[in-house]
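Coordinates from work17.cif are shown below (mmCIF, C-alpha atoms).
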data_final
loop_
_atom_site.label_atom_id
_atom_site.label_comp_id
_atom_site.auth_asym_id
_atom_site.auth_seq_id
_atom_site.Cartn_x
_atom_site.Cartn_y
_atom_site.Cartn_z
CA MET P 1 -12.11 128.51 13.55
CA ARG P 2 -13.21 126.73 10.40
CA ARG P 3 -9.66 126.65 9.04
CA ARG P 4 -8.32 125.45 12.39
CA GLY P 5 -10.87 122.62 12.38
CA ILE P 6 -9.58 121.40 9.04
CA GLU P 7 -6.00 121.44 10.28
CA VAL P 8 -6.78 119.54 13.47
CA ALA P 9 -8.76 116.91 11.58
CA MET P 10 -5.99 116.43 9.05
CA LEU P 11 -3.40 116.06 11.80
CA ALA P 12 -5.57 113.46 13.51
CA VAL P 13 -5.83 111.47 10.28
CA LEU P 14 -2.07 111.66 9.84
CA ALA P 15 -1.56 110.38 13.34
CA GLY P 16 -3.72 107.39 12.57
CA GLY P 17 -1.93 106.74 9.33
CA MET P 18 1.48 106.59 10.95
CA LEU P 19 0.35 104.29 13.71
CA PHE P 20 -1.75 102.02 11.56
CA PRO P 21 -0.22 100.33 8.50
CA ALA P 22 -0.42 103.01 5.83
CA ARG P 23 -2.90 102.37 3.07
CA MET P 24 -4.54 104.10 0.14
CA VAL P 25 -8.23 104.69 0.61
CA LYS P 26 -10.78 107.24 -0.38
CA ALA P 27 -11.08 109.95 2.25
CA GLN P 28 -13.53 108.76 4.88
CA GLU P 29 -16.35 111.04 6.00
CA PRO P 30 -15.02 114.04 4.07
CA GLY P 31 -17.50 116.41 5.64
CA GLU P 32 -15.99 115.68 9.05
CA GLN P 33 -12.35 115.13 8.25
CA MET P 34 -11.99 118.00 5.84
CA GLY P 35 -14.11 120.46 7.78
CA GLY P 36 -16.79 120.41 5.08
CA ARG P 37 -14.47 121.61 2.33
CA ALA P 38 -16.07 120.22 -0.81
CA GLN P 39 -12.84 120.35 -2.80
CA PHE P 40 -11.41 117.45 -0.77
CA ALA P 41 -14.50 115.25 -0.91
CA GLY P 42 -13.85 111.94 -2.63
CA MET P 43 -10.11 112.46 -2.84
CA GLN P 44 -7.65 109.77 -1.86
CA ARG P 45 -4.81 109.78 0.62
CA VAL P 46 -1.49 108.09 1.09
CA MET P 47 0.56 108.15 4.28
CA GLY P 48 4.09 107.23 5.25
CA GLU P 49 7.56 108.47 6.10
CA VAL P 50 9.51 110.86 3.92
CA THR P 51 12.55 109.16 2.39
CA ALA P 52 13.54 111.83 -0.14
CA VAL P 53 12.82 115.47 -0.97
CA ASN P 54 13.53 116.51 -4.55
CA GLY P 55 12.30 120.01 -5.30
CA ALA P 56 8.51 119.93 -5.48
CA ASN P 57 8.44 116.13 -5.26
CA LEU P 58 8.60 113.84 -2.26
CA THR P 59 9.17 110.13 -1.87
CA ILE P 60 7.45 108.41 1.03
CA LYS P 61 7.60 104.88 2.33
CA THR P 62 4.45 103.38 3.81
CA GLU P 63 4.56 100.98 6.72
CA ASP P 64 4.01 98.03 4.40
CA GLY P 65 7.28 98.93 2.65
CA SER P 66 5.81 100.45 -0.51
CA SER P 67 7.25 103.67 -1.95
CA PHE P 68 5.14 106.45 -3.45
CA GLN P 69 5.96 109.66 -5.23
CA VAL P 70 4.09 112.73 -4.00
CA THR P 71 4.03 115.56 -6.52
CA THR P 72 3.08 119.09 -5.52
CA THR P 73 2.38 122.36 -7.34
CA ASP P 74 2.16 125.99 -6.31
CA ASN P 75 -1.50 125.31 -5.49
CA THR P 76 -0.75 122.47 -3.07
CA ARG P 77 -1.33 123.39 0.56
CA VAL P 78 1.59 122.22 2.72
CA MET P 79 1.33 122.21 6.52
CA LYS P 80 3.54 120.98 9.35
CA GLY P 81 3.23 120.70 13.12
CA ARG P 82 0.42 122.88 14.42
CA GLY P 83 -0.96 123.48 10.97
CA VAL P 84 1.78 125.98 10.08
CA SER P 85 2.05 126.63 6.35
CA VAL P 86 5.48 125.68 5.03
CA LYS P 87 7.21 124.98 1.75
CA VAL P 88 7.83 121.49 0.42
CA THR P 89 11.55 122.17 0.71
CA ASP P 90 11.08 122.69 4.47
CA LEU P 91 10.20 119.02 4.85
CA LYS P 92 12.95 116.53 5.57
CA VAL P 93 13.72 112.83 5.50
CA GLY P 94 12.14 111.08 8.48
CA ASP P 95 9.10 113.34 8.72
CA GLY P 96 5.70 111.69 8.84
CA LEU P 97 3.50 112.71 5.95
CA MET P 98 -0.04 112.41 4.63
CA ALA P 99 -0.92 113.57 1.13
CA VAL P 100 -4.49 114.05 -0.10
CA GLY P 101 -5.30 114.34 -3.77
CA ASN P 102 -5.57 112.23 -6.90
CA LEU P 103 -3.78 108.91 -6.77
CA ASP P 104 -2.24 107.27 -9.82
CA ALA P 105 -2.14 103.82 -8.25
CA PRO P 106 -0.44 101.92 -11.12
CA ASN P 107 2.47 104.37 -11.05
CA LYS P 108 2.36 104.83 -7.27
CA THR P 109 2.13 108.59 -7.64
CA MET P 110 -0.01 110.98 -5.61
CA HIS P 111 -0.84 114.35 -7.17
CA ALA P 112 -1.36 116.23 -3.94
CA ALA P 113 -3.89 118.96 -3.23
CA MET P 114 -2.84 119.03 0.42
CA VAL P 115 0.17 117.74 2.34
CA VAL P 116 0.33 117.48 6.14
CA ALA P 117 3.63 116.61 7.82
CA GLN P 118 4.86 115.94 11.32
CA ASP P 119 8.43 116.35 12.52
CA ALA P 120 10.52 113.20 12.68
CA ALA P 121 11.36 113.71 16.36
CA ASP P 122 7.67 113.91 17.28
CA MET P 123 6.93 110.78 15.28
CA LYS P 124 9.68 108.91 17.12
CA LYS P 125 8.33 110.03 20.48
CA MET P 126 4.83 108.99 19.53
CA ARG P 127 5.94 105.49 18.55
CA GLU P 128 8.00 105.09 21.71
CA ASN P 129 5.07 106.07 23.93
CA LEU P 130 2.60 103.64 22.38
CA GLY P 131 1.72 101.12 25.07
CA LYS P 132 3.29 103.28 27.77
CA THR P 133 1.34 106.54 27.93
CA TYR P 134 -1.44 105.62 25.51
CA ILE P 135 -2.94 102.62 23.79
CA ILE P 136 -4.80 102.29 20.52
CA GLY P 137 -5.84 99.20 18.61
CA LYS P 138 -8.28 96.33 18.35
CA VAL P 139 -9.49 94.13 21.22
CA THR P 140 -8.49 90.49 20.70
CA ALA P 141 -9.26 89.01 24.13
CA ILE P 142 -10.99 90.02 27.37
CA ASP P 143 -10.35 88.55 30.82
CA ALA P 144 -13.01 90.25 32.90
CA ASP P 145 -12.31 88.12 35.99
CA ASN P 146 -8.76 89.47 36.20
CA ALA P 147 -9.52 92.94 34.79
CA ARG P 148 -7.32 92.38 31.77
CA MET P 149 -7.65 92.89 28.05
CA THR P 150 -5.43 92.04 25.09
CA VAL P 151 -5.15 94.67 22.38
CA MET P 152 -3.58 94.28 18.95
CA ARG P 153 -1.96 97.68 18.83
CA SER P 154 -1.89 99.83 15.76
CA ASP P 155 1.79 98.98 15.27
CA GLY P 156 1.06 95.24 15.11
CA VAL P 157 2.16 94.45 18.68
CA SER P 158 -0.16 92.44 20.92
CA GLN P 159 -0.26 93.92 24.43
CA THR P 160 -2.15 92.93 27.56
CA ILE P 161 -3.44 95.92 29.49
CA GLY P 162 -5.08 96.12 32.90
CA PHE P 163 -7.75 98.09 34.70
CA ASP P 164 -8.18 99.29 38.26
CA GLU P 165 -10.59 101.37 40.30
CA THR P 166 -9.37 104.54 38.59
CA THR P 167 -10.28 103.35 35.08
CA SER P 168 -13.46 104.52 33.41
CA PHE P 169 -14.93 103.31 30.12
CA LYS P 170 -16.55 105.43 27.43
CA ARG P 171 -18.15 104.80 24.07
CA GLY P 172 -17.52 107.40 21.41
CA ARG P 173 -15.23 108.28 18.55
CA VAL P 174 -11.73 106.93 18.94
CA MET P 175 -9.32 109.60 17.66
CA ARG P 176 -6.47 107.55 16.28
CA GLY P 177 -3.15 108.78 17.50
CA GLY P 178 -4.64 111.17 20.02
CA GLY P 179 -5.06 114.87 20.10
CA GLY P 180 -1.67 115.46 21.68
CA GLY P 181 0.39 113.25 19.44
CA PHE P 182 0.36 115.84 16.66
CA GLY P 183 0.55 119.58 16.63
CA GLY P 184 3.56 119.88 18.92
CA GLY P 185 2.04 118.43 22.10
CA ASP P 186 3.02 115.32 23.95
CA ALA P 187 2.54 111.97 22.25
CA SER P 188 -0.62 110.98 24.05
CA GLY P 189 -3.55 108.84 23.07
CA SER P 190 -7.27 109.27 22.66
CA ALA P 191 -9.25 111.61 24.85
CA PRO P 192 -13.01 110.97 24.88
CA ALA P 193 -15.37 113.61 23.59
CA PRO P 194 -17.39 115.41 26.28
CA SER P 195 -20.53 113.69 24.97
CA ALA P 196 -19.03 110.18 25.18
CA GLU P 197 -21.37 107.61 26.73
CA SER P 198 -20.27 105.93 29.96
CA ILE P 199 -20.16 102.13 29.72
CA THR P 200 -18.68 99.19 31.65
CA LEU P 201 -16.06 96.59 30.83
CA ALA P 202 -18.88 94.11 30.15
CA ASP P 203 -20.03 96.28 27.23
CA ILE P 204 -16.72 95.88 25.38
CA LYS P 205 -16.43 93.07 22.86
CA VAL P 206 -13.64 91.34 21.00
CA GLY P 207 -13.11 93.20 17.73
CA ASP P 208 -13.88 96.65 19.16
CA GLN P 209 -11.50 99.51 18.43
CA VAL P 210 -10.22 101.15 21.61
CA GLY P 211 -7.94 103.98 22.59
CA GLY P 212 -6.98 105.82 25.72
CA GLN P 213 -4.38 107.59 27.80
CA GLY P 214 -2.86 106.14 30.94
CA SER P 215 0.37 104.95 32.51
CA LEU P 216 2.39 101.88 33.40
CA LYS P 217 1.63 100.42 36.81
CA ASN P 218 3.89 97.56 37.90
CA GLY P 219 4.85 97.09 34.26
CA VAL P 220 1.25 96.90 33.01
CA PHE P 221 -0.40 99.70 31.05
CA VAL P 222 -3.53 100.93 32.83
CA PRO P 223 -5.71 103.49 31.02
CA ALA P 224 -7.34 106.25 33.01
CA VAL P 225 -10.12 106.34 30.41
CA LEU P 226 -10.59 103.72 27.70
CA THR P 227 -12.71 104.90 24.80
CA VAL P 228 -14.44 102.27 22.67
CA GLY P 229 -15.36 103.05 19.09
CA ALA P 230 -19.01 103.77 18.48
CA PRO P 231 -20.89 101.19 16.35
CA GLY P 232 -19.86 101.47 12.73
CA GLN P 233 -16.81 103.66 13.41
CA GLY P 234 -14.00 102.98 11.00
CA ARG P 235 -15.99 101.22 8.33
CA ARG P 236 -14.85 102.31 4.92
CA ARG P 237 -17.13 102.96 2.04
CA GLY P 238 -18.09 99.75 0.37
CA GLY P 239 -17.61 97.76 3.58
CA GLU P 240 -13.89 97.28 3.18
CA GLY P 241 -13.36 96.66 6.87
CA GLN P 242 -11.95 98.45 9.88
CA PRO P 243 -9.06 100.85 10.09
CA GLY P 244 -6.21 99.63 12.19
CA ALA P 245 -6.29 96.10 10.83
CA THR P 246 -2.69 95.02 10.57
CA SER P 247 -1.25 93.39 7.51
CA GLY P 248 1.81 91.25 7.87
CA ALA P 249 2.87 92.93 11.11
CA ALA P 250 4.82 90.84 13.54
CA ALA P 251 3.05 90.44 16.86
CA GLY P 252 4.84 90.75 20.17
CA THR P 253 3.77 91.06 23.76
CA GLY P 254 3.94 93.73 26.37
CA ALA P 255 5.31 97.24 26.34
CA LYS P 256 9.02 97.27 25.86
#

If you convert what's in this file into structure tokens, what do you get?
Amino acid sequence: MRRRGIEVAMLAVLAGGMLFPARMVKAQEPGEQMGGRAQFAGMQRVMGEVTAVNGANLTIKTEDGSSFQVTTTDNTRVMKGRGVSVKVTDLKVGDGLMAVGNLDAPNKTMHAAMVVAQDAADMKKMRENLGKTYIIGKVTAIDADNARMTVMRSDGVSQTIGFDETTSFKRGRVMRGGGGGFGGGDASGSAPAPSAESITLADIKVGDQVGGQGSLKNGVFVPAVLTVGAPGQGRRRGGEGQPGATSGAAAGTGAK
């Protein structure tokens, strides 16, 4: 169970990295994300899409267009899908990838202790379903009178979502990318933890991080449950801001 917890946490982080503009940061909350494994504490991560596989080395492109080399050794743990151990040579162009290890930022090289990948087809499905079967992003406007909210999605698209009598609101940890989006399930969004606190629309503020599963109703995405990030969620060490902040992403409207 301990090993499985590490794999699930890593997959959740990868999901967030592919939906949010990829960035290089020190691993957040290593005790939680890495299942308490001390060897990963304080390591850095880089996330993106595989553009080349050359023996033990990978090239990935982050969503801001930067390219990084990921180098692996016989000691690097490589996982794909539902945490299945694979070889680096099993990975292919188009796969989503997160590498954790020691980053040589000037040379844009990650010396990886662990690599987690997701199949290209699953990544495509996840992107296509954003705004249709799940939502994740930052609240930019609230129209309580008309039961509407505008969310800057994790892919940089601004979308107005709606609520009806079936929608409930929770406060808890927003799992970026959703439990089902990785590990071979459907590309769904955040599911609230059983201990999530029930709140109302009036408790949600502009700037909050939100996520939830739902469906399109008359062309408008309506979440069944909208989970709002608990206070302080997503703050990096050193107060570097919130995850999911877009950088240079073009904004659009609606779910296409």

Against region 95-99 of chain P, which residues of region 109-176 of chain P fall within 8 Å? For each one I want the closest pair of atoms and the distance in Å (one decimal), counting all atoms listed in the file, rows by chain and increasing residue number, as a Markdown table.
| residue | atom | partner | partner_atom | distance |
| --- | --- | --- | --- | --- |
| P:Met110 | CA | P:Ala99 | CA | 7.3 |
| P:Ala112 | CA | P:Ala99 | CA | 5.7 |
| P:Ala113 | CA | P:Ala99 | CA | 7.5 |
| P:Met114 | CA | P:Ala99 | CA | 5.8 |
| P:Val115 | CA | P:Ala99 | CA | 4.5 |
| P:Val116 | CA | P:Met98 | CA | 5.3 |
| P:Ala117 | CA | P:Leu97 | CA | 4.3 |
| P:Gln118 | CA | P:Gly96 | CA | 5.0 |
| P:Asp119 | CA | P:Asp95 | CA | 4.9 |
| P:Ala120 | CA | P:Asp95 | CA | 4.2 |
| P:Ala121 | CA | P:Asp95 | CA | 8.0 |
| P:Met123 | CA | P:Gly96 | CA | 6.6 |

Have a look at CA of Gly42 (chain P) and CA of Gly229 (chain P) and let me know their distance in Å, one decimal. 23.5 Å

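CA of Met79 (chain P) is found 15.1 Å from CA of Arg45 (chain P).
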
So that I can check the surroundings of Val53 (chain P), please list as a ChimeraX atom specification every protein, DNA and RNA residue that reaches within 10 Å of it, counting only C-alpha atoms and ignoring chain neighbours fewer than 4 positions away. /P:57-60,69-70,88-93

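In this model, the gap between CA of Glu49 (chain P) and CA of Arg173 (chain P) comes to 26.0 Å.
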
Picked residues, the PyMOL selection byres ((chain P and resi 196-210) around 8), as a PDB file with C-alpha atoms, keeping the file's coordinate frame:
ATOM      1  CA  ILE P 135      -2.940 102.620  23.790  1.00  0.00           C
ATOM      2  CA  ILE P 136      -4.800 102.290  20.520  1.00  0.00           C
ATOM      3  CA  GLY P 137      -5.840  99.200  18.610  1.00  0.00           C
ATOM      4  CA  LYS P 138      -8.280  96.330  18.350  1.00  0.00           C
ATOM      5  CA  VAL P 139      -9.490  94.130  21.220  1.00  0.00           C
ATOM      6  CA  THR P 140      -8.490  90.490  20.700  1.00  0.00           C
ATOM      7  CA  ALA P 141      -9.260  89.010  24.130  1.00  0.00           C
ATOM      8  CA  ILE P 142     -10.990  90.020  27.370  1.00  0.00           C
ATOM      9  CA  ALA P 144     -13.010  90.250  32.900  1.00  0.00           C
ATOM     10  CA  SER P 168     -13.460 104.520  33.410  1.00  0.00           C
ATOM     11  CA  PHE P 169     -14.930 103.310  30.120  1.00  0.00           C
ATOM     12  CA  LYS P 170     -16.550 105.430  27.430  1.00  0.00           C
ATOM     13  CA  ARG P 171     -18.150 104.800  24.070  1.00  0.00           C
ATOM     14  CA  GLY P 172     -17.520 107.400  21.410  1.00  0.00           C
ATOM     15  CA  ARG P 173     -15.230 108.280  18.550  1.00  0.00           C
ATOM     16  CA  VAL P 174     -11.730 106.930  18.940  1.00  0.00           C
ATOM     17  CA  PRO P 192     -13.010 110.970  24.880  1.00  0.00           C
ATOM     18  CA  ALA P 193     -15.370 113.610  23.590  1.00  0.00           C
ATOM     19  CA  PRO P 194     -17.390 115.410  26.280  1.00  0.00           C
ATOM     20  CA  SER P 195     -20.530 113.690  24.970  1.00  0.00           C
ATOM     21  CA  GLY P 211      -7.940 103.980  22.590  1.00  0.00           C
ATOM     22  CA  GLY P 212      -6.980 105.820  25.720  1.00  0.00           C
ATOM     23  CA  LEU P 226     -10.590 103.720  27.700  1.00  0.00           C
ATOM     24  CA  THR P 227     -12.710 104.900  24.800  1.00  0.00           C
ATOM     25  CA  VAL P 228     -14.440 102.270  22.670  1.00  0.00           C
ATOM     26  CA  GLY P 229     -15.360 103.050  19.090  1.00  0.00           C
TER      27      GLY P 229
END

Please write the residues picked by the PyMOL selection byres ((chain P and resi 223) around 9) on this file as a ChimeraX atom specification. /P:133-135,161-164,166-168,211-216,221-222,224-226

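Restricting the calculation to all atoms listed in the file, the smallest distance between Lys217 (chain P) and any of P:Arg77, P:Lys87, P:Arg148, P:Lys132 is found for P:Lys132.
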
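Picked out by the PyMOL selection byres ((chain P and resi 72) around 6) when it runs on this file: Ala56, Thr71, Thr73, Thr76 and Ala112 of chain P.
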
Put those residues in a file: C-alpha atoms, as a PDB file, keeping the file's coordinate frame.
ATOM      1  CA  ALA P  56       8.510 119.930  -5.480  1.00  0.00           C
ATOM      2  CA  THR P  71       4.030 115.560  -6.520  1.00  0.00           C
ATOM      3  CA  THR P  73       2.380 122.360  -7.340  1.00  0.00           C
ATOM      4  CA  THR P  76      -0.750 122.470  -3.070  1.00  0.00           C
ATOM      5  CA  ALA P 112      -1.360 116.230  -3.940  1.00  0.00           C
TER       6      ALA P 112
END

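Using only C-alpha atoms, the contacts of Thr62 (chain P) at a cut-off of 7 Å, with sequence neighbours closer than 4 positions omitted, comprise Ala22, Met47, Gly48, Glu49, Ser66 and Ser67 of chain P.
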
Any chance you could export region 137-150 of chain P with all heavy atoms, as a tab-separated table (two decimals), in the first residue's frame?
chain	number	residue	atom	x	y	z
P	137	GLY	N	-8.99	25.01	-12.44
P	137	GLY	CA	-8.39	26.30	-12.71
P	137	GLY	C	-8.61	27.29	-11.58
P	137	GLY	O	-8.88	26.92	-10.44
P	138	LYS	N	-8.54	28.56	-11.94
P	138	LYS	CA	-8.60	29.65	-10.97
P	138	LYS	C	-9.82	30.52	-11.24
P	138	LYS	O	-10.07	30.91	-12.37
P	138	LYS	CB	-7.31	30.48	-11.08
P	138	LYS	CG	-7.21	31.64	-10.11
P	138	LYS	CD	-5.87	32.34	-10.30
P	138	LYS	CE	-5.69	33.51	-9.35
P	138	LYS	NZ	-4.38	34.17	-9.55
P	139	VAL	N	-10.56	30.83	-10.19
P	139	VAL	CA	-11.76	31.66	-10.32
P	139	VAL	C	-11.37	33.10	-10.65
P	139	VAL	O	-10.56	33.70	-9.94
P	139	VAL	CB	-12.59	31.63	-9.02
P	139	VAL	CG1	-13.81	32.53	-9.15
P	139	VAL	CG2	-13.00	30.21	-8.69
P	140	THR	N	-11.94	33.64	-11.73
P	140	THR	CA	-11.66	35.03	-12.10
P	140	THR	C	-12.87	35.94	-11.96
P	140	THR	O	-12.73	37.16	-11.92
P	140	THR	CB	-11.14	35.11	-13.54
P	140	THR	OG1	-12.10	34.55	-14.44
P	140	THR	CG2	-9.81	34.36	-13.69
P	141	ALA	N	-14.07	35.38	-11.90
P	141	ALA	CA	-15.28	36.19	-11.73
P	141	ALA	C	-16.40	35.30	-11.22
P	141	ALA	O	-16.46	34.10	-11.54
P	141	ALA	CB	-15.69	36.85	-13.03
P	142	ILE	N	-17.29	35.89	-10.41
P	142	ILE	CA	-18.44	35.16	-9.85
P	142	ILE	C	-19.69	35.99	-10.07
P	142	ILE	O	-19.74	37.16	-9.71
P	142	ILE	CB	-18.25	34.86	-8.36
P	142	ILE	CG1	-16.99	34.02	-8.12
P	142	ILE	CG2	-19.48	34.15	-7.79
P	142	ILE	CD1	-16.63	33.84	-6.66
P	143	ASP	N	-20.71	35.37	-10.67
P	143	ASP	CA	-22.01	36.00	-10.86
P	143	ASP	C	-23.02	35.17	-10.08
P	143	ASP	O	-23.68	34.28	-10.63
P	143	ASP	CB	-22.36	36.04	-12.35
P	143	ASP	CG	-23.70	36.71	-12.63
P	143	ASP	OD1	-24.37	37.13	-11.66
P	143	ASP	OD2	-24.08	36.81	-13.81
P	144	ALA	N	-23.12	35.47	-8.79
P	144	ALA	CA	-23.98	34.67	-7.91
P	144	ALA	C	-25.44	34.78	-8.30
P	144	ALA	O	-26.20	33.81	-8.17
P	144	ALA	CB	-23.77	35.09	-6.46
P	145	ASP	N	-25.87	35.96	-8.77
P	145	ASP	CA	-27.27	36.16	-9.12
P	145	ASP	C	-27.73	35.23	-10.23
P	145	ASP	O	-28.89	34.80	-10.25
P	145	ASP	CB	-27.51	37.62	-9.54
P	145	ASP	CG	-27.34	38.60	-8.39
P	145	ASP	OD1	-27.48	38.16	-7.22
P	145	ASP	OD2	-27.05	39.79	-8.65
P	146	ASN	N	-26.81	34.93	-11.16
P	146	ASN	CA	-27.16	34.06	-12.28
P	146	ASN	C	-26.52	32.68	-12.18
P	146	ASN	O	-26.53	31.91	-13.15
P	146	ASN	CB	-26.73	34.72	-13.59
P	146	ASN	CG	-27.51	35.99	-13.87
P	146	ASN	OD1	-28.73	35.97	-13.97
P	146	ASN	ND2	-26.79	37.11	-13.98
P	147	ALA	N	-25.99	32.36	-10.98
P	147	ALA	CA	-25.37	31.05	-10.74
P	147	ALA	C	-24.34	30.73	-11.80
P	147	ALA	O	-24.37	29.68	-12.44
P	147	ALA	CB	-26.43	29.96	-10.67
P	148	ARG	N	-23.40	31.66	-11.98
P	148	ARG	CA	-22.35	31.50	-12.98
P	148	ARG	C	-21.00	31.84	-12.35
P	148	ARG	O	-20.90	32.59	-11.37
P	148	ARG	CB	-22.57	32.43	-14.18
P	148	ARG	CG	-23.78	32.08	-15.05
P	148	ARG	CD	-23.53	30.84	-15.88
P	148	ARG	NE	-24.56	30.60	-16.86
P	148	ARG	CZ	-25.66	29.89	-16.64
P	148	ARG	NH1	-25.87	29.37	-15.42
P	148	ARG	NH2	-26.55	29.70	-17.60
P	149	MET	N	-19.96	31.30	-12.93
P	149	MET	CA	-18.61	31.57	-12.48
P	149	MET	C	-17.68	31.47	-13.69
P	149	MET	O	-17.87	30.63	-14.57
P	149	MET	CB	-18.18	30.54	-11.43
P	149	MET	CG	-16.74	30.65	-10.95
P	149	MET	SD	-16.33	29.26	-9.83
P	149	MET	CE	-17.42	29.63	-8.43
P	150	THR	N	-16.69	32.36	-13.73
P	150	THR	CA	-15.69	32.29	-14.80
P	150	THR	C	-14.40	31.73	-14.22
P	150	THR	O	-13.94	32.18	-13.17
P	150	THR	CB	-15.42	33.67	-15.41
P	150	THR	OG1	-16.66	34.22	-15.89
P	150	THR	CG2	-14.44	33.57	-16.57
